[in-house]
Structure formats: C-alpha cells, structure tokens
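One file, protein16.txt, is given below (compact mmCIF, C-alpha atoms).
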# COMPACT_ATOMS: atom_id res chain seq x y z
CA MET A 146 14.48 35.28 -8.48
CA ILE A 147 13.77 35.67 -12.18
CA PRO A 148 11.80 32.71 -13.52
CA ARG A 149 13.59 30.45 -15.99
CA VAL A 150 11.65 29.48 -19.04
CA TYR A 151 10.80 25.78 -19.28
CA ARG A 152 9.13 23.92 -22.11
CA ILE A 153 6.53 21.22 -21.58
CA GLU A 154 7.84 17.99 -23.08
CA HIS A 155 5.12 15.63 -21.86
CA ARG A 156 1.75 16.16 -20.30
CA ARG A 157 -0.27 13.39 -18.70
CA GLU A 158 -3.70 13.57 -17.13
CA GLU A 159 -3.58 11.55 -13.91
CA TYR A 160 -7.37 11.85 -13.54
CA PRO A 161 -9.78 14.68 -14.34
CA GLY A 162 -8.50 17.90 -12.77
CA THR A 163 -5.06 16.52 -11.89
CA PHE A 164 -2.18 16.36 -14.34
CA THR A 165 1.59 15.90 -14.54
CA LEU A 166 3.94 18.10 -16.55
CA GLU A 167 7.43 16.98 -17.56
CA MET A 168 9.49 20.00 -18.49
CA SER A 169 12.95 20.86 -19.80
CA ALA A 170 14.88 24.09 -19.33
CA ASP A 171 14.93 26.17 -22.49
CA ARG A 172 18.53 27.27 -21.78
CA GLY A 173 21.25 26.18 -19.39
CA ARG A 174 21.57 23.16 -17.18
CA PRO A 175 18.55 21.67 -15.43
CA VAL A 176 18.41 22.45 -11.72
CA THR A 177 19.03 19.79 -9.10
CA CYS A 178 16.33 19.29 -6.48
CA ASP A 179 16.00 17.40 -3.21
CA PRO A 180 12.93 15.20 -2.63
CA GLY A 181 10.25 17.31 -0.96
CA GLN A 182 11.28 20.69 -2.34
CA PHE A 183 8.96 22.84 -4.45
CA ASN A 184 9.12 25.30 -7.34
CA MET A 185 7.09 28.40 -8.13
CA LEU A 186 5.42 27.74 -11.47
CA TYR A 187 4.50 30.81 -13.49
CA ALA A 188 1.65 30.59 -15.99
CA PHE A 189 2.35 33.66 -18.10
CA GLY A 190 -0.38 36.24 -17.77
CA ALA A 191 -2.10 34.37 -14.94
CA GLY A 192 0.29 34.20 -12.01
CA GLU A 193 2.58 32.03 -9.93
CA VAL A 194 1.85 29.05 -7.67
CA PRO A 195 3.99 26.87 -5.41
CA ILE A 196 3.97 23.25 -6.59
CA SER A 197 5.91 20.32 -5.13
CA ILE A 198 8.41 18.56 -7.33
CA SER A 199 7.11 15.08 -8.13
CA GLY A 200 10.23 13.95 -9.98
CA ALA A 201 13.45 15.44 -11.25
CA GLY A 202 16.43 14.40 -13.30
CA ARG A 203 15.28 10.80 -13.60
CA ARG A 204 14.57 10.82 -17.29
CA ASP A 205 16.56 13.12 -19.59
CA GLY A 206 16.95 15.67 -16.81
CA LEU A 207 13.28 16.55 -16.94
CA LEU A 208 11.65 18.44 -14.12
CA VAL A 209 8.31 16.93 -13.13
CA HIS A 210 5.37 18.55 -11.37
CA THR A 211 1.97 17.08 -10.57
CA ILE A 212 -0.74 19.68 -10.23
CA ARG A 213 -4.36 19.68 -9.14
CA THR A 214 -6.51 22.39 -10.64
CA GLN A 215 -7.86 24.56 -7.85
CA GLY A 216 -7.99 28.17 -9.05
CA LEU A 217 -7.11 30.59 -11.85
CA VAL A 218 -3.38 29.88 -12.08
CA THR A 219 -3.59 26.11 -11.89
CA ALA A 220 -6.42 26.24 -14.45
CA ALA A 221 -4.07 28.23 -16.74
CA LEU A 222 -1.35 25.60 -16.20
CA GLU A 223 -3.86 22.88 -17.02
CA ARG A 224 -4.58 24.51 -20.38
CA LEU A 225 -0.90 24.44 -21.41
CA LYS A 226 -0.09 21.92 -24.12
CA GLU A 227 3.09 20.02 -24.95
CA GLY A 228 5.60 22.41 -26.52
CA GLU A 229 4.28 25.46 -24.68
CA GLN A 230 6.26 27.36 -22.10
CA LEU A 231 6.01 28.39 -18.47
CA GLY A 232 8.26 30.07 -15.93
CA VAL A 233 9.96 28.23 -13.08
CA ARG A 234 11.57 29.69 -9.94
CA GLY A 235 13.26 27.39 -7.49
CA PRO A 236 13.82 24.90 -6.08
CA PHE A 237 12.87 26.17 -2.65
CA GLY A 238 12.50 24.88 0.89
CA GLN A 239 13.64 21.98 3.02
CA GLY A 240 12.89 18.47 1.76
CA TRP A 241 12.54 15.04 3.34
CA PRO A 242 15.47 14.02 5.61
CA LEU A 243 16.27 10.83 3.69
CA ASP A 244 19.63 10.43 5.41
CA LEU A 245 17.82 9.83 8.72
CA ALA A 246 15.99 6.83 7.20
CA ARG A 247 19.20 4.93 6.47
CA ASP A 248 19.13 2.77 9.60
CA SER A 249 15.38 2.87 10.23
CA ASP A 250 12.12 1.45 9.00
CA LEU A 251 10.72 4.09 6.68
CA LEU A 252 6.96 4.59 6.74
CA ILE A 253 5.61 6.75 3.93
CA ILE A 254 2.00 7.88 4.39
CA ALA A 255 0.41 9.73 1.50
CA GLY A 256 -3.10 10.93 0.83
CA GLY A 257 -4.50 12.03 -2.55
CA VAL A 258 -2.15 14.40 -4.37
CA GLY A 259 0.09 14.21 -1.30
CA LEU A 260 1.84 11.33 -3.04
CA ALA A 261 3.41 13.81 -5.48
CA PRO A 262 6.11 15.25 -3.17
CA LEU A 263 6.81 11.74 -1.86
CA ARG A 264 7.42 10.15 -5.25
CA PRO A 265 11.01 11.50 -5.39
CA VAL A 266 11.63 9.66 -2.10
CA VAL A 267 10.50 6.40 -3.73
CA TYR A 268 12.66 7.16 -6.78
CA SER A 269 15.65 7.68 -4.49
CA LEU A 270 15.05 4.27 -2.93
CA LEU A 271 14.60 2.65 -6.33
CA ASP A 272 17.82 4.01 -7.81
CA GLY A 273 19.86 3.48 -4.65
CA ARG A 274 20.48 7.13 -3.81
CA GLY A 275 18.36 6.70 -0.69
CA ARG A 276 18.34 3.76 1.65
CA ALA A 277 16.13 2.48 4.45
CA ARG A 278 16.07 -0.80 6.35
CA ARG A 279 12.49 -1.49 5.25
CA THR A 280 10.02 0.78 3.51
CA GLN A 281 6.23 0.68 3.67
CA LEU A 282 4.06 3.06 1.66
CA TYR A 283 0.48 3.67 2.80
CA TYR A 284 -1.50 5.48 0.13
CA GLY A 285 -5.05 6.71 0.63
CA ALA A 286 -7.22 8.13 -2.13
CA ARG A 287 -10.82 8.87 -2.93
CA ARG A 288 -11.35 6.18 -5.56
CA PRO A 289 -9.05 3.71 -7.37
CA GLU A 290 -9.20 5.84 -10.51
CA GLU A 291 -8.26 8.95 -8.50
CA ARG A 292 -4.83 7.67 -7.53
CA LEU A 293 -1.69 9.34 -8.81
CA PHE A 294 0.91 7.51 -10.90
CA ARG A 295 -1.28 4.43 -11.37
CA HIS A 296 0.91 3.26 -14.24
CA GLU A 297 3.94 2.91 -11.99
CA LEU A 298 2.60 2.18 -8.50
CA ASN A 299 2.90 -1.57 -8.93
CA GLN A 300 6.46 -1.29 -10.18
CA TRP A 301 7.48 0.28 -6.88
CA GLY A 302 7.08 -3.09 -5.19
CA ARG A 303 10.81 -3.64 -5.68
CA ALA A 304 11.62 -0.91 -3.17
CA VAL A 305 8.53 -0.51 -1.04
CA SER A 306 5.72 -2.58 0.37
CA LEU A 307 2.57 -0.82 -0.82
CA VAL A 308 -0.75 -0.69 1.05
CA GLN A 309 -3.55 1.20 -0.66
CA SER A 310 -6.91 2.27 0.69
CA VAL A 311 -9.70 4.20 -1.00
CA ASP A 312 -12.90 5.76 0.33
CA HIS A 313 -15.11 4.24 -2.37
CA ALA A 314 -14.62 1.36 -4.80
CA ASP A 315 -16.32 -1.47 -6.62
CA SER A 316 -15.88 -5.01 -5.39
CA ASP A 317 -13.11 -5.73 -7.93
CA TRP A 318 -10.77 -3.32 -6.13
CA PRO A 319 -8.10 -5.49 -4.48
CA GLY A 320 -7.01 -2.98 -1.83
CA HIS A 321 -8.68 -1.71 1.31
CA ILE A 322 -11.85 0.35 1.45
CA GLY A 323 -11.92 2.84 4.30
CA VAL A 324 -9.61 5.47 5.72
CA ILE A 325 -5.86 4.88 5.48
CA THR A 326 -5.47 4.96 9.27
CA GLY A 327 -7.34 1.60 9.37
CA PRO A 328 -4.60 -0.50 7.74
CA LEU A 329 -1.98 1.72 9.38
CA GLN A 330 -3.39 0.86 12.81
CA ALA A 331 -3.40 -2.83 11.93
CA SER A 332 0.20 -2.83 10.71
CA ARG A 333 3.05 -3.85 12.92
CA ILE A 334 5.00 -0.63 13.38
CA ASN A 335 8.29 -0.92 15.17
CA GLY A 336 7.76 2.48 16.82
CA PRO A 337 11.15 3.40 18.24
CA GLU A 338 12.93 2.33 15.04
CA THR A 339 10.58 3.95 12.56
CA ILE A 340 10.82 7.23 10.71
CA ALA A 341 7.62 8.48 9.06
CA PHE A 342 7.14 10.85 6.12
CA VAL A 343 3.54 12.09 5.90
CA CYS A 344 1.86 14.20 3.22
CA GLY A 345 -1.82 14.66 2.45
CA PRO A 346 -4.88 16.58 3.57
CA GLU A 347 -4.23 18.08 6.99
CA LEU A 348 -7.03 16.10 8.62
CA MET A 349 -5.55 12.85 7.32
CA MET A 350 -2.14 13.89 8.65
CA ARG A 351 -3.59 14.69 12.10
CA PHE A 352 -5.17 11.24 12.39
CA SER A 353 -2.10 9.50 10.98
CA ILE A 354 0.13 11.27 13.50
CA ARG A 355 -2.18 10.08 16.28
CA VAL A 356 -1.77 6.46 15.14
CA LEU A 357 2.00 6.87 14.79
CA LEU A 358 2.37 8.30 18.30
CA GLU A 359 0.17 5.51 19.73
CA SER A 360 2.45 3.01 17.97
CA GLY A 361 5.46 4.46 19.75
CA VAL A 362 6.96 6.47 16.89
CA PRO A 363 8.68 9.44 18.53
CA ALA A 364 7.51 12.95 17.56
CA SER A 365 11.10 13.62 16.49
CA ALA A 366 10.82 10.85 13.86
CA ILE A 367 7.64 12.12 12.21
CA PHE A 368 8.03 14.49 9.26
CA LEU A 369 5.22 16.15 7.38
CA SER A 370 4.91 18.40 4.37
CA MET A 371 2.74 21.46 4.94
CA GLU A 372 0.92 23.68 2.49
CA ARG A 373 0.01 27.33 2.97
CA ASN A 374 -0.42 30.44 0.84
CA MET A 375 3.13 30.97 -0.49
CA LYS A 376 4.04 33.99 -2.62
CA CYS A 377 7.73 34.97 -2.62
CA ALA A 378 9.05 31.51 -1.63
CA THR A 379 12.04 33.09 0.10
CA GLY A 380 10.65 33.99 3.52
CA LEU A 381 10.38 37.72 2.80
CA CYS A 382 6.71 38.42 2.11
CA GLY A 383 5.31 36.67 5.19
CA HIS A 384 2.29 35.17 3.42
CA CYS A 385 3.13 31.65 4.56
CA GLN A 386 4.13 32.44 8.13
CA TRP A 387 3.03 29.59 10.37
CA GLY A 388 3.73 30.14 14.05
CA PRO A 389 7.29 31.42 14.21
CA ARG A 390 8.21 29.63 10.94
CA PHE A 391 7.81 30.23 7.24
CA ILE A 392 6.52 27.29 5.24
CA CYS A 393 8.47 28.31 2.13
CA LYS A 394 11.86 28.71 3.79
CA ASP A 395 11.79 26.51 6.92
CA GLY A 396 9.51 23.91 5.31
CA PRO A 397 7.53 22.68 3.53
CA VAL A 398 8.82 19.56 5.32
CA PHE A 399 8.84 19.92 9.09
CA CYS A 400 9.68 17.63 11.96
CA TYR A 401 6.49 17.14 14.00
CA LYS A 402 8.39 17.68 17.26
CA ASP A 403 9.33 21.20 16.14
CA ILE A 404 5.86 22.30 15.04
CA GLN A 405 3.75 20.36 17.58
CA PRO A 406 2.90 23.46 19.70
CA TRP A 407 1.03 25.19 16.88
CA PHE A 408 0.09 22.26 14.61
CA GLN A 409 -3.18 21.81 16.50
CA ILE A 410 -4.03 25.54 16.73
CA ARG A 411 -7.17 26.13 14.72
CA GLY A 412 -7.05 28.63 11.92
CA LEU A 413 -3.27 29.09 12.07
CA MET B 239 -4.30 -28.16 17.15
CA LYS B 240 -5.00 -24.93 18.98
CA THR B 241 -8.08 -24.52 21.10
CA ILE B 242 -10.56 -21.70 20.45
CA ALA B 243 -9.30 -19.94 23.59
CA GLU B 244 -5.72 -20.09 22.27
CA LEU B 245 -6.81 -18.70 18.91
CA LEU B 246 -8.74 -15.91 20.60
CA ARG B 247 -5.69 -14.95 22.64
CA GLU B 248 -3.76 -14.34 19.39
CA HIS B 249 -6.37 -11.86 18.17
CA PRO B 250 -5.95 -8.14 19.02
CA PHE B 251 -9.58 -7.80 20.14
CA PHE B 252 -9.00 -10.19 23.04
CA ARG B 253 -5.51 -8.96 23.95
CA ASP B 254 -4.77 -9.02 27.71
CA LEU B 255 -7.99 -10.84 28.59
CA ALA B 256 -7.53 -13.40 31.39
CA GLN B 257 -7.09 -17.02 30.33
CA ALA B 258 -10.19 -18.06 32.29
CA ASP B 259 -12.24 -15.42 30.42
CA LEU B 260 -10.90 -16.61 27.07
CA GLU B 261 -11.86 -20.15 27.87
CA PHE B 262 -15.28 -18.98 29.05
CA ILE B 263 -15.83 -17.08 25.77
CA GLY B 264 -14.23 -19.84 23.72
CA GLY B 265 -17.04 -22.11 24.86
CA CYS B 266 -19.33 -20.12 22.53
CA GLY B 267 -16.98 -20.34 19.53
CA GLU B 268 -16.12 -22.54 16.59
CA ASN B 269 -13.73 -22.32 13.68
CA ALA B 270 -15.26 -21.30 10.37
CA ILE B 271 -13.87 -21.08 6.85
CA TYR B 272 -15.58 -19.08 4.10
CA ALA B 273 -14.75 -19.39 0.41
CA THR B 274 -14.53 -16.36 -1.86
CA GLY B 275 -18.02 -14.95 -2.38
CA ASP B 276 -19.57 -16.65 0.65
CA TYR B 277 -21.67 -14.46 2.90
CA LEU B 278 -20.88 -14.30 6.59
CA ALA B 279 -23.99 -12.20 7.16
CA ARG B 280 -26.96 -10.94 5.12
CA GLU B 281 -28.82 -7.72 5.79
CA ASN B 282 -32.08 -8.24 7.73
CA GLU B 283 -31.31 -11.86 8.55
CA PRO B 284 -30.94 -12.96 12.20
CA ALA B 285 -27.65 -11.80 13.71
CA ASP B 286 -26.75 -14.91 15.62
CA HIS B 287 -22.99 -14.59 15.46
CA PHE B 288 -19.99 -12.42 16.04
CA PHE B 289 -16.95 -12.99 13.80
CA VAL B 290 -13.32 -12.77 14.79
CA ILE B 291 -11.37 -12.57 11.52
CA ARG B 292 -8.12 -14.54 11.68
CA SER B 293 -7.16 -14.24 8.02
CA GLY B 294 -8.68 -13.13 4.74
CA LYS B 295 -10.67 -10.13 3.62
CA VAL B 296 -14.33 -9.33 4.21
CA ALA B 297 -16.41 -6.65 2.47
CA VAL B 298 -19.11 -4.91 4.49
CA GLU B 299 -21.75 -4.12 1.89
CA THR B 300 -25.20 -2.76 1.37
CA TYR B 301 -27.40 -3.16 -1.69
CA LEU B 302 -28.69 -0.29 -3.77
CA PRO B 303 -31.43 -1.18 -6.27
CA ASP B 304 -29.93 0.92 -9.08
CA ARG B 305 -26.26 0.21 -8.33
CA GLY B 306 -26.05 -3.28 -6.90
CA PRO B 307 -23.86 -4.14 -3.91
CA LEU B 308 -21.88 -1.19 -2.56
CA CYS B 309 -18.83 -1.84 -0.39
CA LEU B 310 -18.62 0.47 2.62
CA GLN B 311 -15.52 -0.95 4.21
CA THR B 312 -13.15 -3.90 4.00
CA LEU B 313 -12.12 -5.85 7.08
CA HIS B 314 -8.98 -7.94 7.44
CA ASP B 315 -7.15 -10.23 9.81
CA GLY B 316 -7.09 -8.63 13.22
CA ASP B 317 -10.56 -7.12 12.71
CA ILE B 318 -13.91 -8.23 14.06
CA PHE B 319 -17.28 -8.14 12.37
CA GLY B 320 -20.70 -7.78 13.90
CA TRP B 321 -22.34 -6.26 16.93
CA SER B 322 -25.94 -6.64 15.83
CA TRP B 323 -26.17 -9.76 18.05
CA LEU B 324 -25.82 -7.43 21.04
CA PHE B 325 -29.01 -5.44 20.60
CA PRO B 326 -32.61 -6.28 19.73
CA PRO B 327 -33.98 -6.99 17.19
CA TYR B 328 -30.77 -9.02 16.56
CA VAL B 329 -30.72 -8.67 12.77
CA TRP B 330 -27.80 -7.74 10.54
CA THR B 331 -27.68 -4.15 9.30
CA PHE B 332 -25.28 -4.91 6.43
CA ASP B 333 -24.05 -7.80 4.31
CA ALA B 334 -20.61 -9.26 4.99
CA ARG B 335 -19.04 -11.11 2.06
CA ALA B 336 -15.74 -12.97 1.88
CA LEU B 337 -13.47 -11.44 -0.79
CA ASP B 338 -11.01 -14.30 -0.51
CA GLU B 339 -10.76 -17.36 1.70
CA VAL B 340 -11.61 -16.19 5.20
CA HIS B 341 -10.65 -18.01 8.36
CA ALA B 342 -12.67 -16.83 11.33
CA ILE B 343 -13.84 -17.79 14.75
CA ARG B 344 -17.62 -17.68 14.84
CA LEU B 345 -18.96 -16.93 18.30
CA GLY B 346 -22.59 -17.57 19.15
CA GLY B 347 -24.42 -14.33 19.94
CA LYS B 348 -27.04 -15.81 22.24
CA CYS B 349 -24.42 -17.84 24.10
CA LEU B 350 -22.23 -14.74 24.55
CA ARG B 351 -25.14 -12.60 25.70
CA GLU B 352 -26.09 -15.13 28.34
CA LYS B 353 -22.52 -15.42 29.58
CA CYS B 354 -22.14 -11.63 29.76
CA GLU B 355 -25.45 -11.26 31.64
CA GLY B 356 -24.32 -13.88 34.14
CA GLU B 357 -20.79 -12.47 34.45
CA PRO B 358 -21.11 -8.65 34.36
CA ARG B 359 -17.35 -8.10 34.93
CA LEU B 360 -16.57 -9.97 31.71
CA GLY B 361 -19.54 -8.33 30.00
CA PHE B 362 -18.11 -4.90 30.83
CA GLN B 363 -14.66 -5.93 29.54
CA LEU B 364 -16.19 -6.99 26.23
CA MET B 365 -18.42 -3.89 26.05
CA LYS B 366 -15.38 -1.62 26.46
CA ARG B 367 -13.68 -3.42 23.57
CA PHE B 368 -16.77 -3.16 21.37
CA ALA B 369 -17.18 0.51 22.27
CA ARG B 370 -13.60 1.19 21.19
CA ILE B 371 -14.07 -0.55 17.84
CA ALA B 372 -17.45 1.17 17.30
CA THR B 373 -15.85 4.56 18.07
CA GLU B 374 -12.97 3.93 15.67
CA ARG B 375 -15.38 2.95 12.90
CA LEU B 376 -17.58 5.97 13.59
CA GLN B 377 -14.52 8.25 13.35
CA ALA B 378 -13.47 6.55 10.11
CA ALA B 379 -16.97 6.94 8.66
CA ARG B 380 -16.99 10.63 9.59
CA ILE B 381 -13.64 11.20 7.88
CA GLN B 382 -14.88 9.34 4.80
CA LEU B 383 -17.93 11.63 4.75
CA LEU B 384 -15.67 14.68 4.78
CA ASP B 385 -14.25 13.58 1.42
CA VAL B 386 -10.83 14.98 2.33
CA TYR B 387 -9.26 13.85 -0.94
CA GLY B 388 -11.84 15.67 -3.05
CA GLN B 389 -11.34 18.98 -4.82
CA SER B 390 -11.06 21.81 -2.32
CA PRO B 391 -11.27 25.53 -3.02
CA PRO B 392 -7.95 27.43 -3.10
CA PRO B 393 -6.76 29.08 0.13
CA GLN B 394 -8.78 32.15 1.03
CA GLY B 395 -7.96 35.19 -1.09
CA ASP B 396 -5.66 33.24 -3.36
CA THR B 397 -5.79 32.45 -7.04
CA TRP B 398 -4.21 28.98 -6.95

Give the structure from this file in structure tokens form.
Amino acid sequence: MIPRVYRIEHRREEYPGTFTLEMSADRGRPVTCDPGQFNMLYAFGAGEVPISISGAGRRDGLLVHTIRTQGLVTAALERLKEGEQLGVRGPFGQGWPLDLARDSDLLIIAGGVGLAPLRPVVYSLLDGRGRARRTQLYYGARRPEERLFRHELNQWGRAVSLVQSVDHADSDWPGHIGVITGPLQASRINGPETIAFVCGPELMMRFSIRVLLESGVPASAIFLSMERNMKCATGLCGHCQWGPRFICKDGPVFCYKDIQPWFQIRGL
Amino acid sequence: MKTIAELLREHPFFRDLAQADLEFIGGCGENAIYATGDYLARENEPADHFFVIRSGKVAVETYLPDRGPLCLQTLHDGDIFGWSWLFPPYVWTFDARALDEVHAIRLGGKCLREKCEGEPRLGFQLMKRFARIATERLQAARIQLLDVYGQSPPPQGDTW
C-alpha cells in the first residue's frame, strides 16, 4: 500500500489537457498489469488519483498512463516533466475478460479518453497474447484532433477494423460525423456470437448498450469500465461503493448483466 | 439488372415492406449516381426528392458566412436523406454533398406524396419509418449537443 516511486521517461501531449506518461520504476522489477486495471498515481504534495493503465510492459517495461486534467491532482501530474518522479500504487481491480473473446467477435466501443483503458486490449491482440475471431473498434471523439493515440490508430488496422466518428469536423475528415451509435447501428453485429467491451462517458455507454441489446448481444456478453470517486483502491474506504459493489475492487470492468439492476438508477 | 423495387427491398428503410408496396413506391424512383463534390440537395431549393443511399458517403451541411460549409452529419449506405418533400413549403433545410461516389435511388417527392394520399395504409407505413429515423437523428443531435467528450468537472467533492 506504500506507493513505489516511478520516473517519467516520456511525456506526450495527446491534445490540450490530455497527456500520456511513460514511466519506469526507480527500483525493483516493473509490475505486471492486466488490460483494464488501474493504478493510483500520487503527485507528491497534491494527492492521489485513480488512472487506468493505457499500456504496460510493451516497450522497455514502461508503465503507461493517459490522463485528462480535471482537478488539482491531475493538474499537478500535468505539470510534471520528463525525469521527474511520482508515486504509483497498484495495479488494482478487475480488467477486461480477454479470454472470453477467444471464440467470439470482439466489439470494442470507446469514447473520448475511454480509449485509454482499451488500448492494452488492442496491444494484446497485436502481439498475439489475446485472440478474437474478428475485432471491430468503434471510437467516438469530439473532434479529429481530440482523439487519443492518433499516431498509432492507423497501425492498428492489422488487428482491428477501425470505425471512427466525431461530433464536429471539417470536410476533409474521412470518418463519420455524428454520434458513435450511428455507425454502430448500421454495422452488421452477429449478436449471439459477439462480446463487447465498452468504455467512455456514461451517457455514451448507455446508448451503446441499447444498440448492442437491440442487435441481440446478450447482457452477459457486454462489459463496461466504470469510473467513480476512488480513494483507497482496495475496497476498504467505501468511497466508490456502487450498489452492492465497489468499483475499485469488483471493477472497474463489470459485466452488464451483473450491474444492470442499478446501472440505470440516477445519482447512484 | 435489378428493378427499383428489388433495390429498395435490399435497403434497411424498406425492410419487411410488402412486394406490392415496393413496386408501388418503385414507380416513383430512379437510379442516380453522384460524383465526389456533387450536391444531392441545396438549402432553400425545392425539395423534390427523397434519397435512398445504396453506397457512398453524403455530408449534410449548412453554410456559415464566416466559416464556410459546416458538416453536421455524415450519411452512408443504409441511410436515407431528406424529408423536406413531405411538408410545405417543400424546400431543403440543409445541403447534401457527396463525399465520394454515391449510388442512390432518387424517389420523386410529389409522386410519393400523391401515392401516400391515395393509399393511406402505405402512407402510414412510410410515416412510421420516417418518424423512427427522425427520432433517432433527434436523439443523436441531442447527445451531440451535450458534448459528452468535452472536459467535465471532477466528481463532486473530489480533487481529481
């Protein structure tokens, strides 16, 4: 439970207010993480925040986090430069059930920074650790320039078929303009043989789930990553209690079938 | 070569419509091909047609004096464009421009209106389908307005 000190090796601005840190452990072996898990990142003197892992162990054992600046702690993390240090506790939580995708069509639906916790899934497919019969990635964002990982999205074509949609764009944008559920609705989803991983703003997830259920994807084959106010990350403090579950310990990835009764309860 | 009725049957908008109805509607239709940059419709011009997009990509645009054309939505195969032919004053509200080669079935608005007036059962069938599409697009526009991907404040009482 004591944070390990990590050093920032590389820092990249994805777009204003959103950045990616690649970090190495100052001492000891780097931790191993499952796609979908998160770490508590500690900006010294400011505080700790839960952030999904957006890559790990792929290049020189570096731990990768993609962060959007929202408050005091994330603003402190944003100010850190290459070579500076931060504390890391984790990894925590349950990740994406990649083993269930082995004999299914895998549908990845991401919105905005929600692509970050799904990138390790794509990496797993690219390097052969994960397998799916066919993979489609639907990515929705605000504008083309407000997409994550723009430098590598097109390279993912080897492992996934990518459909992108933005809310606003100029006419030279080759993808869709409109909400991501539009192209999702138009796609041919083989419902009973599909497993879906969904991460993004909760409203986007609600509408995506509606389309998935209409397409015949069973509730037991829909998985989503939830975000709530997490503090201890071990299920002790109760900050992230959601219905009878704790997001930090039982999630952040949940099967829709298990959380359906309280997913639609307002304010929970 | 397929008839217009056969082509309509392949399109999701006309799914499960009776063959006789498809042939009835097909009588108002013709095949149309638009090259990249061609306009299917121009704002404020007479809305004489309804487009069933078979392949290609169409931008629904409006023009802002200080910004030029602004794309509101893209439409693709399986989509339809245009309901301005249904209501007076029968003029287009937006531009529709082909972003690549577009293959469509162009149905005559006046012809369709007359057929629907004379055959209310079919008119109601078509209205239900238009209402569904209009509702879906309204929902999509509302979600776009919410700007869900934009910066949001941290959870209440937190310092994220």

Show me a table, sorted first by chain and then by increasing residue number, of the residues of chain A having an atom at most 6 Å from chain B, each with its shortest atom pair and the distance in Å to one decimal, counting all atoms listed in the file and written as CSV.
residue,atom,partner,partner_atom,distance
A:Gln215,CA,B:Pro392,CA,5.6
A:Gly216,CA,B:Trp398,CA,4.4
A:Leu217,CA,B:Thr397,CA,5.3
A:Val218,CA,B:Trp398,CA,5.3
A:Thr219,CA,B:Trp398,CA,5.7
A:Gly257,CA,B:Tyr387,CA,5.3
A:Arg287,CA,B:Tyr387,CA,5.6
A:His321,CA,B:Thr312,CA,5.7
A:Ile322,CA,B:Gln311,CA,4.8
A:Gly323,CA,B:Gln311,CA,5.2
A:Val324,CA,B:Ala378,CA,5.9

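Taking all atoms listed in the file, the non-local environment of Arg276 of chain A within 12 Å (same-chain residues fewer than 5 positions away omitted) comprises A:Pro242, A:Leu243, A:Asp244, A:Leu245, A:Ala246, A:Arg247, A:Asp248, A:Ser249, A:Asp250, A:Leu251, A:Val266, A:Val267, A:Tyr268, A:Ser269, A:Leu270, A:Leu271, A:Ala304, A:Val305.
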
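The nearest approach to Phe332 of chain B among the residues B:Cys266, B:Ala279, B:Ile242, B:Ala258, with only C-alpha atoms taken into account, belongs to B:Ala279.
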
* To do: Using only C-alpha atoms, determine which residues lie at most 9 Å from Met146 of chain A, disregarding the query and same-chain residues fewer than 3 positions distant; provide the list as a list in words.
  => Arg149, Arg234, Gly235 and Cys377 of chain A

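Reported to one decimal place, the separation of atom CA of Val343 of chain A from atom CA of Glu359 of chain A is 15.7 Å.
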
* Asked: Interatomic distance between atom CA of Lys348 of chain B and atom CA of Gly267 of chain B?
  -> 11.4 Å

* To do: Find the spatial neighbours of Arg288 of chain A, counting all atoms listed in the file, within a cut-off of 10 Å - ignore same-chain residues fewer than 3 positions away - and output them as a list in words.
  => Gly257, Gly285, Glu291, Arg292, Ser310, Val311, Asp312, His313, Ala314, Asp315, Trp318 and Ile322 of chain A; Tyr387 and Gly388 of chain B

* Close residues, Ala256 of chain B itself excluded, 12 Å, only C-alpha atoms, min 3 positions apart in chain, as a PyMOL selection string -> chain B and resi 243-244+246-247+252-253+259-263+359-360+363-364

* To do: Compare A:Gly206, A:Gly320, A:Pro406, A:Gly228 by their minimum atom-to-atom distance to Arg152 of chain A, counting all atoms listed in the file, and give me the closest one.
  => A:Gly228

* Structure fact -> Correct to one decimal, the distance atom CA of Gly345 of chain A-atom CA of Val176 of chain A is 25.9 Å

* Structure fact -> The residue from B:Glu268, B:Glu357, B:Asp254, B:Glu281 with the smallest atom-to-atom distance to His341 of chain B, counting only C-alpha atoms, is B:Glu268

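Shell of Ile404 of chain A at 12 Å, with only C-alpha atoms counted and residues fewer than 5 places along the chain excluded, is Ala364, Ser365, Ile367, Phe368, Leu369, Ser370, Met371, Trp387, Gly388, Pro389, Arg390, Phe391, Ile392, Asp395, Gly396, Pro397, Val398, Phe399, Gln409, Ile410 and Leu413 of chain A.
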
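Taking all atoms listed in the file into account, Val258 of chain A lies nearest to A:Phe164 out of the set A:Thr177, A:Leu348, A:Phe164, A:Glu223.
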
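Counting only C-alpha atoms, the residue from A:Leu381, A:Leu358, A:Ala170, A:Ile254 that sits nearest to Leu307 of chain A is A:Ile254.
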
Could you put an axis-aligned box around every listed atom of segment 235-246 of chain A, padded by 4 Å on each side, and send me its centre and edge lengths in Å to one decimal, as AutoDock Vina command-line options?
--center_x 16.1 --center_y 17.1 --center_z 0.6 --size_x 15.1 --size_y 28.6 --size_z 24.2

* Just give me the residues with any atom within 8 Å of (14.7, 14.4, -2.9), file coordinates, counting all atoms listed in the file, written as a ChimeraX atom specification. => /A:178-182,240-241,243,265-266,269

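With only C-alpha atoms as the atoms that count, the residue of A:Ala261, A:Leu225, A:Ile253, A:Met350 with the shortest distance to Leu282 of chain A is A:Ile253.
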